[in-house]
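Take a look at the structure below.
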Amino acid sequence: MRLKSLILALACLCGGALAASPAAAEIEVNVNRADVQPLPVAIPAFAGDASGAEIASVIAANLQRSGLFRPINQATFIEKTLDPAIQPTFDSWKQINAQALVNGKVTVEAGRLVVDFRLWDVFAGQQLLGLQFTSSPENWRRVAHKISDQIYERLTGEKGYFDTRVVFVAESGGRGARTKRLAIMDQDGANPSYLTDGGYIVMTPRFSANSQEITYMALRPEGAAVYLLNLETTRRESLGEFQGMVFAPRFSPDGSRVAFSVERSGNSDIFVMDLRSRALRRLTSDPAIDTSASFSPDGSRIVFNSDRSGSPQLYVMGADGANPRRITFKGGRYMTPVWSPTGEFIAFTKQDGGRFHIGVMRPDGTDERLLTTSALDEGPTWAPNGRVLMFSRQAAGAAPRLWTVDVTGRILQPVPYPQAGSDPAWSPLLN
């Protein structure tokens, strides 16, 4: 599958400064507060082309799902027609308590979609942001995601995460005949498509740093293998033949290496392969199960799961396998660790007392926080800004579904993908 090109014109329009003014600080959102009240924001349908209403709807849905914004019901709007080139009547928006206002206009020029939008501080009566995006008409959803990212960043001070994709395992069929296909979709559940035909089981898909390549495990009757799949060219290749089962692959931050586990005679160890030379290096040699390797953002360390202490716990070692050190000591079984893109946290699955949790901790094991609990929560993956986690949740007797939770644990909700899914992996921001 090939992404259509998208040109972002970062042009500040109509005299609105991109730098924050003292008045703008009134509506900045503190993302670190667990008790934050969602910011009321008005997002009327964009003027011009018919896709303007759809673009505004996607922006509103993105901001609402973040938990930091509350889009106001359009039925309450007093000012009905807005042109981004004309300053709004701020009193009309103050009456419905809109603290921020987003308006825009959509035109199609020479076969290209052109979207102008503005972000306004209603009570200060000031423009905070004015940008123009140009794309092909069928790419209007990506434009909406990019606008959402710009609004999120301007009001929170953090990068957005809406112009991203998620690769996951789409599941269908009953327990005895479960079909597992590699699938990909937008982060909001839209545009799902399948990358494998379901003729064999797929597991643990993971994105590379450039979002254009995926590594995953395929389990066929003849054995297991780790594959690389280029999303642009659809070229698929195996990492090679191994003595034993190979599983749990993950790219290094620069995309030059893949770490994975190889199981032989009940013992599994972590290996890393250089993708250019195909040179293979063994990183662990303990007589235990070592798996689920995840690199730190700078590539210098690896967190992994091992039962060398008698139960599955988390360890951190150098990227060369040196100095492994246990970081979990609070009881329970720890699995599927993944380092956050910011390096601030490690997310994990924890099983304790018959319940499963998604949690986060500092890389040294301190400040452990359990964000979710259910009969089966597992397999966290980070949004590229390190603010939100996606994972799979399965109720007793039901199929797994995809959910998200923010790092405060306050914003927990299902992903708007209507089918069964597990083992998600979030892409970096798209180019």
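Chains: A, B, ... in order of the structure tokens. Residues: from 1 per chain. Ligands: from 1, in order shown.
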query: Within 6 Å of stretch 91-106 of chain A, counting only C-alpha atoms, which residues qualify if same-chain residues fewer than 6 places away don't, as an MDAnalysis selection string?
result: chainID A and resid 40:43 46:49 52 78 84 114:122
With C-alpha atoms retained, write the just-selected residues as a short mmCIF file (atom, residue, chain, number, x, y, z; two decimals), in the first residue's frame.
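Dumped to part04.cif:
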```cif
data_model
loop_
_atom_site.label_atom_id
_atom_site.label_comp_id
_atom_site.auth_asym_id
_atom_site.auth_seq_id
_atom_site.Cartn_x
_atom_site.Cartn_y
_atom_site.Cartn_z
CA PRO A 40 -14.59 23.35 25.77
CA VAL A 41 -13.80 23.83 22.07
CA ALA A 42 -16.12 24.79 19.21
CA ILE A 43 -15.45 23.13 15.85
CA PHE A 46 -15.44 23.97 7.58
CA ALA A 47 -16.82 26.19 4.82
CA GLY A 48 -16.51 25.45 1.10
CA ASP A 49 -16.28 21.90 -0.19
CA GLY A 52 -15.44 20.39 5.22
CA ILE A 78 -25.03 31.17 17.51
CA PRO A 84 -11.32 31.86 8.29
CA VAL A 114 -6.60 23.05 -0.05
CA VAL A 115 -7.60 23.43 3.61
CA ASP A 116 -7.12 26.68 5.55
CA PHE A 117 -7.86 26.65 9.26
CA ARG A 118 -7.59 28.95 12.28
CA LEU A 119 -7.39 28.31 16.01
CA TRP A 120 -8.77 31.15 18.17
CA ASP A 121 -8.57 32.01 21.86
CA VAL A 122 -12.17 33.14 22.34
#
```
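Near A:Asp423, within a cut-off of 8 Å and counting only C-alpha atoms, sit the residues Phe168, Val169, Met203, Thr204, Pro205, Glu378, Gly379, Pro380, Phe391 and Ser392 of chain A, with same-chain residues fewer than 6 positions away left out.
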- request: Report the residues of stretch 70-259 of chain A whose backbone DSSP state falls under strand (DSSP E), written as an MDAnalysis selection string.
  value: chainID A and resid 70:71 100:109 112:121 126:135 165:172 179:186 193:194 201:207 213:220 223:230 236:238 245:251 257:259
field: Within 9 Å of A:Glu213 using only C-alpha atoms, minus same-chain residues under 5 positions, as a ChimeraX atom specification
entry: /A:206-208,228-232,255
Preceding selection exported with N, CA and C atoms as a short mmCIF file (atom, residue, chain, number, x, y, z; two decimals), in the first residue's frame:
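again-v6.cif, freshly written:
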```
data_model
loop_
_atom_site.label_atom_id
_atom_site.label_comp_id
_atom_site.auth_asym_id
_atom_site.auth_seq_id
_atom_site.Cartn_x
_atom_site.Cartn_y
_atom_site.Cartn_z
N ARG A 206 5.49 -5.15 14.58
CA ARG A 206 6.13 -3.96 15.13
C ARG A 206 6.60 -3.05 13.99
N PHE A 207 6.43 -1.74 14.19
CA PHE A 207 6.83 -0.75 13.20
C PHE A 207 8.32 -0.42 13.31
N SER A 208 8.89 -0.03 12.17
CA SER A 208 10.22 0.57 12.16
C SER A 208 10.09 2.07 12.40
N LEU A 228 10.15 -9.30 7.49
CA LEU A 228 10.11 -7.86 7.27
C LEU A 228 9.15 -7.60 6.12
N LEU A 229 8.28 -6.61 6.30
CA LEU A 229 7.32 -6.25 5.25
C LEU A 229 7.43 -4.77 4.98
N ASN A 230 7.76 -4.40 3.74
CA ASN A 230 7.81 -3.00 3.34
C ASN A 230 6.43 -2.57 2.88
N LEU A 231 5.84 -1.57 3.56
CA LEU A 231 4.48 -1.16 3.25
C LEU A 231 4.38 -0.41 1.93
N GLU A 232 5.44 0.22 1.49
CA GLU A 232 5.42 0.94 0.22
C GLU A 232 5.50 0.00 -0.97
N GLY A 255 16.21 1.60 13.16
CA GLY A 255 15.74 0.67 12.13
C GLY A 255 16.81 -0.20 11.52
#
```
Return as a PDB file with N, CA, C and O atoms, in the first residue's frame the full set of residues in stretch 89-266 of chain A whose backbone-based DSSP assignment is helix (DSSP H, G or I).
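Saved as selection.pdb:
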```
ATOM      1  N   PHE A  90     -16.573  37.085  18.686  1.00  0.00           N
ATOM      2  CA  PHE A  90     -16.194  36.330  19.871  1.00  0.00           C
ATOM      3  C   PHE A  90     -17.294  36.283  20.926  1.00  0.00           C
ATOM      4  O   PHE A  90     -17.430  35.288  21.648  1.00  0.00           O
ATOM      5  N   ASP A  91     -18.115  37.335  21.024  1.00  0.00           N
ATOM      6  CA  ASP A  91     -19.185  37.341  22.020  1.00  0.00           C
ATOM      7  C   ASP A  91     -20.156  36.182  21.799  1.00  0.00           C
ATOM      8  O   ASP A  91     -20.702  35.623  22.756  1.00  0.00           O
ATOM      9  N   SER A  92     -20.387  35.815  20.524  1.00  0.00           N
ATOM     10  CA  SER A  92     -21.295  34.709  20.234  1.00  0.00           C
ATOM     11  C   SER A  92     -20.746  33.385  20.761  1.00  0.00           C
ATOM     12  O   SER A  92     -21.506  32.491  21.152  1.00  0.00           O
ATOM     13  N   TRP A  93     -19.448  33.253  20.783  1.00  0.00           N
ATOM     14  CA  TRP A  93     -18.832  32.017  21.254  1.00  0.00           C
ATOM     15  C   TRP A  93     -18.642  32.030  22.765  1.00  0.00           C
ATOM     16  O   TRP A  93     -18.679  30.976  23.409  1.00  0.00           O
ATOM     17  N   LYS A  94     -18.471  33.226  23.338  1.00  0.00           N
ATOM     18  CA  LYS A  94     -18.396  33.316  24.799  1.00  0.00           C
ATOM     19  C   LYS A  94     -19.714  32.891  25.431  1.00  0.00           C
ATOM     20  O   LYS A  94     -19.735  32.292  26.510  1.00  0.00           O
ATOM     21  N   PRO A 137      -7.559  15.065  -2.922  1.00  0.00           N
ATOM     22  CA  PRO A 137      -8.877  15.058  -2.264  1.00  0.00           C
ATOM     23  C   PRO A 137      -9.170  13.801  -1.453  1.00  0.00           C
ATOM     24  O   PRO A 137      -9.803  13.887  -0.407  1.00  0.00           O
ATOM     25  N   GLU A 138      -8.703  12.638  -1.919  1.00  0.00           N
ATOM     26  CA  GLU A 138      -9.002  11.414  -1.188  1.00  0.00           C
ATOM     27  C   GLU A 138      -8.224  11.316   0.132  1.00  0.00           C
ATOM     28  O   GLU A 138      -8.481  10.442   0.964  1.00  0.00           O
ATOM     29  N   ASN A 139      -7.295  12.227   0.348  1.00  0.00           N
ATOM     30  CA  ASN A 139      -6.467  12.212   1.562  1.00  0.00           C
ATOM     31  C   ASN A 139      -7.009  13.144   2.635  1.00  0.00           C
ATOM     32  O   ASN A 139      -6.277  13.535   3.548  1.00  0.00           O
ATOM     33  N   TRP A 140      -8.298  13.479   2.573  1.00  0.00           N
ATOM     34  CA  TRP A 140      -8.840  14.478   3.483  1.00  0.00           C
ATOM     35  C   TRP A 140      -8.756  14.052   4.944  1.00  0.00           C
ATOM     36  O   TRP A 140      -8.589  14.913   5.827  1.00  0.00           O
ATOM     37  N   ARG A 141      -8.831  12.748   5.208  1.00  0.00           N
ATOM     38  CA  ARG A 141      -8.730  12.308   6.606  1.00  0.00           C
ATOM     39  C   ARG A 141      -7.353  12.600   7.185  1.00  0.00           C
ATOM     40  O   ARG A 141      -7.231  12.997   8.349  1.00  0.00           O
ATOM     41  N   ARG A 142      -6.313  12.416   6.381  1.00  0.00           N
ATOM     42  CA  ARG A 142      -4.968  12.721   6.885  1.00  0.00           C
ATOM     43  C   ARG A 142      -4.820  14.214   7.157  1.00  0.00           C
ATOM     44  O   ARG A 142      -4.140  14.612   8.096  1.00  0.00           O
ATOM     45  N   VAL A 143      -5.436  15.031   6.328  1.00  0.00           N
ATOM     46  CA  VAL A 143      -5.422  16.475   6.590  1.00  0.00           C
ATOM     47  C   VAL A 143      -6.072  16.757   7.939  1.00  0.00           C
ATOM     48  O   VAL A 143      -5.561  17.533   8.757  1.00  0.00           O
ATOM     49  N   ALA A 144      -7.214  16.112   8.201  1.00  0.00           N
ATOM     50  CA  ALA A 144      -7.908  16.301   9.478  1.00  0.00           C
ATOM     51  C   ALA A 144      -7.036  15.861  10.652  1.00  0.00           C
ATOM     52  O   ALA A 144      -6.997  16.527  11.699  1.00  0.00           O
ATOM     53  N   HIS A 145      -6.316  14.770  10.485  1.00  0.00           N
ATOM     54  CA  HIS A 145      -5.431  14.306  11.557  1.00  0.00           C
ATOM     55  C   HIS A 145      -4.282  15.288  11.784  1.00  0.00           C
ATOM     56  O   HIS A 145      -3.886  15.552  12.927  1.00  0.00           O
ATOM     57  N   LYS A 146      -3.729  15.819  10.695  1.00  0.00           N
ATOM     58  CA  LYS A 146      -2.634  16.769  10.839  1.00  0.00           C
ATOM     59  C   LYS A 146      -3.095  18.066  11.519  1.00  0.00           C
ATOM     60  O   LYS A 146      -2.384  18.643  12.340  1.00  0.00           O
ATOM     61  N   ILE A 147      -4.294  18.516  11.171  1.00  0.00           N
ATOM     62  CA  ILE A 147      -4.839  19.703  11.847  1.00  0.00           C
ATOM     63  C   ILE A 147      -5.037  19.396  13.332  1.00  0.00           C
ATOM     64  O   ILE A 147      -4.710  20.222  14.200  1.00  0.00           O
ATOM     65  N   SER A 148      -5.545  18.215  13.648  1.00  0.00           N
ATOM     66  CA  SER A 148      -5.718  17.818  15.045  1.00  0.00           C
ATOM     67  C   SER A 148      -4.395  17.858  15.795  1.00  0.00           C
ATOM     68  O   SER A 148      -4.326  18.327  16.943  1.00  0.00           O
ATOM     69  N   ASP A 149      -3.331  17.365  15.157  1.00  0.00           N
ATOM     70  CA  ASP A 149      -2.008  17.384  15.787  1.00  0.00           C
ATOM     71  C   ASP A 149      -1.547  18.806  16.064  1.00  0.00           C
ATOM     72  O   ASP A 149      -0.959  19.102  17.120  1.00  0.00           O
ATOM     73  N   GLN A 150      -1.780  19.719  15.119  1.00  0.00           N
ATOM     74  CA  GLN A 150      -1.366  21.106  15.297  1.00  0.00           C
ATOM     75  C   GLN A 150      -2.119  21.766  16.458  1.00  0.00           C
ATOM     76  O   GLN A 150      -1.536  22.492  17.269  1.00  0.00           O
ATOM     77  N   ILE A 151      -3.420  21.515  16.547  1.00  0.00           N
ATOM     78  CA  ILE A 151      -4.218  22.082  17.636  1.00  0.00           C
ATOM     79  C   ILE A 151      -3.758  21.519  18.973  1.00  0.00           C
ATOM     80  O   ILE A 151      -3.564  22.250  19.955  1.00  0.00           O
ATOM     81  N   TYR A 152      -3.581  20.206  19.031  1.00  0.00           N
ATOM     82  CA  TYR A 152      -3.151  19.545  20.259  1.00  0.00           C
ATOM     83  C   TYR A 152      -1.819  20.115  20.741  1.00  0.00           C
ATOM     84  O   TYR A 152      -1.656  20.439  21.926  1.00  0.00           O
ATOM     85  N   GLU A 153      -0.870  20.250  19.823  1.00  0.00           N
ATOM     86  CA  GLU A 153       0.449  20.750  20.206  1.00  0.00           C
ATOM     87  C   GLU A 153       0.386  22.201  20.671  1.00  0.00           C
ATOM     88  O   GLU A 153       1.040  22.585  21.644  1.00  0.00           O
ATOM     89  N   ARG A 154      -0.415  23.013  19.976  1.00  0.00           N
ATOM     90  CA  ARG A 154      -0.486  24.433  20.340  1.00  0.00           C
ATOM     91  C   ARG A 154      -1.082  24.642  21.720  1.00  0.00           C
ATOM     92  O   ARG A 154      -0.661  25.544  22.459  1.00  0.00           O
ATOM     93  N   LEU A 155      -2.051  23.802  22.094  1.00  0.00           N
ATOM     94  CA  LEU A 155      -2.751  24.012  23.355  1.00  0.00           C
ATOM     95  C   LEU A 155      -2.186  23.201  24.521  1.00  0.00           C
ATOM     96  O   LEU A 155      -2.448  23.522  25.679  1.00  0.00           O
ATOM     97  N   THR A 156      -1.415  22.152  24.242  1.00  0.00           N
ATOM     98  CA  THR A 156      -0.853  21.346  25.321  1.00  0.00           C
ATOM     99  C   THR A 156       0.657  21.497  25.452  1.00  0.00           C
ATOM    100  O   THR A 156       1.217  21.164  26.500  1.00  0.00           O
ATOM    101  N   ARG A 175     -13.335 -20.165  18.738  1.00  0.00           N
ATOM    102  CA  ARG A 175     -12.128 -20.603  19.453  1.00  0.00           C
ATOM    103  C   ARG A 175     -11.396 -21.724  18.722  1.00  0.00           C
ATOM    104  O   ARG A 175     -10.177 -21.746  18.680  1.00  0.00           O
ATOM    105  N   GLY A 176     -12.140 -22.642  18.145  1.00  0.00           N
ATOM    106  CA  GLY A 176     -11.499 -23.764  17.487  1.00  0.00           C
ATOM    107  C   GLY A 176     -10.999 -23.475  16.094  1.00  0.00           C
ATOM    108  O   GLY A 176     -10.255 -24.271  15.514  1.00  0.00           O
ATOM    109  N   ALA A 177     -11.429 -22.355  15.520  1.00  0.00           N
ATOM    110  CA  ALA A 177     -11.040 -22.028  14.141  1.00  0.00           C
ATOM    111  C   ALA A 177     -10.732 -20.536  14.035  1.00  0.00           C
ATOM    112  O   ALA A 177     -11.256 -19.841  13.166  1.00  0.00           O
TER     113      ALA A 177
END
```
- line: Using only C-alpha atoms, the residue out of A:Val407, A:Leu376, A:Ala61, A:Met273 with shortest distance to A:Phe345 is A:Val407
message: Quick one: residues within 7 Å of A:Leu113, only C-alpha atoms, excluding same-chain residues fewer than 5 positions away - as a list in words?
response: Thr107, Val108, Thr134, Ser135, Ser136 and Pro137 of chain A
Residue selection dump (N, CA and C atoms) as a PDB file, in the first residue's frame:
```
ATOM      1  N   THR A 107     -11.249  24.100  -0.217  1.00  0.00           N
ATOM      2  CA  THR A 107     -11.442  24.329  -1.646  1.00  0.00           C
ATOM      3  C   THR A 107     -10.685  23.264  -2.426  1.00  0.00           C
ATOM      4  N   VAL A 108     -11.126  23.042  -3.659  1.00  0.00           N
ATOM      5  CA  VAL A 108     -10.428  22.128  -4.556  1.00  0.00           C
ATOM      6  C   VAL A 108      -9.950  22.947  -5.740  1.00  0.00           C
ATOM      7  N   THR A 134      -2.238  21.219   1.880  1.00  0.00           N
ATOM      8  CA  THR A 134      -2.580  20.859   0.511  1.00  0.00           C
ATOM      9  C   THR A 134      -2.364  19.368   0.318  1.00  0.00           C
ATOM     10  N   SER A 135      -3.328  18.696  -0.309  1.00  0.00           N
ATOM     11  CA  SER A 135      -3.219  17.255  -0.508  1.00  0.00           C
ATOM     12  C   SER A 135      -4.114  16.845  -1.668  1.00  0.00           C
ATOM     13  N   SER A 136      -4.125  15.554  -1.971  1.00  0.00           N
ATOM     14  CA  SER A 136      -5.085  15.029  -2.928  1.00  0.00           C
ATOM     15  C   SER A 136      -6.433  14.900  -2.221  1.00  0.00           C
ATOM     16  N   PRO A 137      -7.559  15.065  -2.922  1.00  0.00           N
ATOM     17  CA  PRO A 137      -8.877  15.058  -2.264  1.00  0.00           C
ATOM     18  C   PRO A 137      -9.170  13.801  -1.453  1.00  0.00           C
TER      19      PRO A 137
END
```
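For stretch 354-363 of chain A, the list of residues within 9 Å, based on only C-alpha atoms and with local chain neighbours fewer than 5 positions off taken out, reads A:Val303, A:Val316, A:Ile327, A:Trp339, A:Gly343, A:Glu344, A:Phe345, A:Ile346, A:Ala347, A:Phe348, A:Thr349, A:Glu368, A:Arg369, A:Leu370, A:Leu371, A:Thr372, A:Thr373, A:Ser374, A:Ala375, A:Leu376, A:Asp377, A:Glu378, A:Gly379, A:Pro380, A:Leu389, A:Phe391, A:Val405, A:Val407, A:Gly409.
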- prompt: Restricting the calculation to only C-alpha atoms, which member of A:Val36, A:Ala209, A:Val388, A:Val272 is positioned closest to A:Leu68?
  reply: A:Val36
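When atom CA of A:Ile86 is paired with atom CA of A:Gln64, their separation reads 26.4 Å.
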- prompt: How far is it from atom CA of A:Leu412 to atom CA of A:Ser66, in Å with one decimal?
  reply: 9.8 Å
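With distances taken over only C-alpha atoms, A:Ala293 is the one residue among A:Ala293, A:Leu275, A:Ala75, A:Leu82 lying closest to A:Phe260.
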Mind checking which residues fall within 9 Å of A:Leu195, counting only C-alpha atoms, ignoring those fewer than 3 positions away in the same chain, and posting them as an mmCIF file with C-alpha atoms, in the first residue's frame?
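File written: around_9.cif
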```cif
data_model
loop_
_atom_site.group_PDB
_atom_site.id
_atom_site.type_symbol
_atom_site.label_atom_id
_atom_site.label_comp_id
_atom_site.auth_asym_id
_atom_site.auth_seq_id
_atom_site.Cartn_x
_atom_site.Cartn_y
_atom_site.Cartn_z
ATOM 1 C CA ARG A 181 -4.485 -11.720 9.952
ATOM 2 C CA LEU A 182 -1.968 -8.918 9.971
ATOM 3 C CA ALA A 183 -3.934 -5.667 9.654
ATOM 4 C CA ILE A 184 -3.294 -1.934 9.601
ATOM 5 C CA LEU A 231 4.483 -1.161 3.247
ATOM 6 C CA THR A 234 4.769 -4.764 -0.340
#
```
Do you know which residues are at most 12 Å from A:Asp274 counting only C-alpha atoms, after dropping those on the same chain fewer than 5 positions away, and could you put them as a tab-separated table (two decimals) with N, CA and C atoms, in the first residue's frame?
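Final output, saved to selection-v4.tsv:
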```
chain	number	residue	atom	x	y	z
A	239	LEU	N	13.94	-13.16	7.85
A	239	LEU	CA	15.26	-12.88	8.44
A	239	LEU	C	16.19	-14.08	8.34
A	251	PHE	N	12.25	-3.69	16.15
A	251	PHE	CA	13.31	-2.88	15.55
A	251	PHE	C	14.07	-2.09	16.61
A	252	SER	N	15.33	-1.81	16.31
A	252	SER	CA	16.07	-0.81	17.06
A	252	SER	C	15.56	0.57	16.67
A	254	ASP	N	16.85	3.14	15.29
A	254	ASP	CA	17.26	3.64	13.98
A	254	ASP	C	16.87	2.71	12.84
A	255	GLY	N	16.21	1.60	13.16
A	255	GLY	CA	15.74	0.67	12.13
A	255	GLY	C	16.81	-0.20	11.52
A	256	SER	N	18.04	-0.14	12.04
A	256	SER	CA	19.13	-0.90	11.42
A	256	SER	C	19.24	-2.33	11.94
A	257	ARG	N	18.59	-2.62	13.07
A	257	ARG	CA	18.69	-3.93	13.69
A	257	ARG	C	17.30	-4.41	14.12
A	258	VAL	N	17.19	-5.72	14.28
A	258	VAL	CA	15.98	-6.31	14.85
A	258	VAL	C	16.41	-7.25	15.96
A	259	ALA	N	15.83	-7.06	17.13
A	259	ALA	CA	16.03	-7.98	18.26
A	259	ALA	C	14.88	-8.97	18.28
A	260	PHE	N	15.15	-10.21	18.64
A	260	PHE	CA	14.12	-11.24	18.71
A	260	PHE	C	14.62	-12.36	19.61
A	279	ALA	N	24.49	-10.01	10.14
A	279	ALA	CA	25.28	-10.57	11.23
A	279	ALA	C	24.38	-10.74	12.45
A	280	LEU	N	24.51	-11.87	13.14
A	280	LEU	CA	23.67	-12.21	14.28
A	280	LEU	C	24.51	-12.24	15.54
A	281	ARG	N	23.97	-11.63	16.61
A	281	ARG	CA	24.68	-11.60	17.89
A	281	ARG	C	23.75	-12.06	18.99
A	282	ARG	N	24.24	-12.96	19.83
A	282	ARG	CA	23.46	-13.46	20.97
A	282	ARG	C	23.69	-12.54	22.16
```
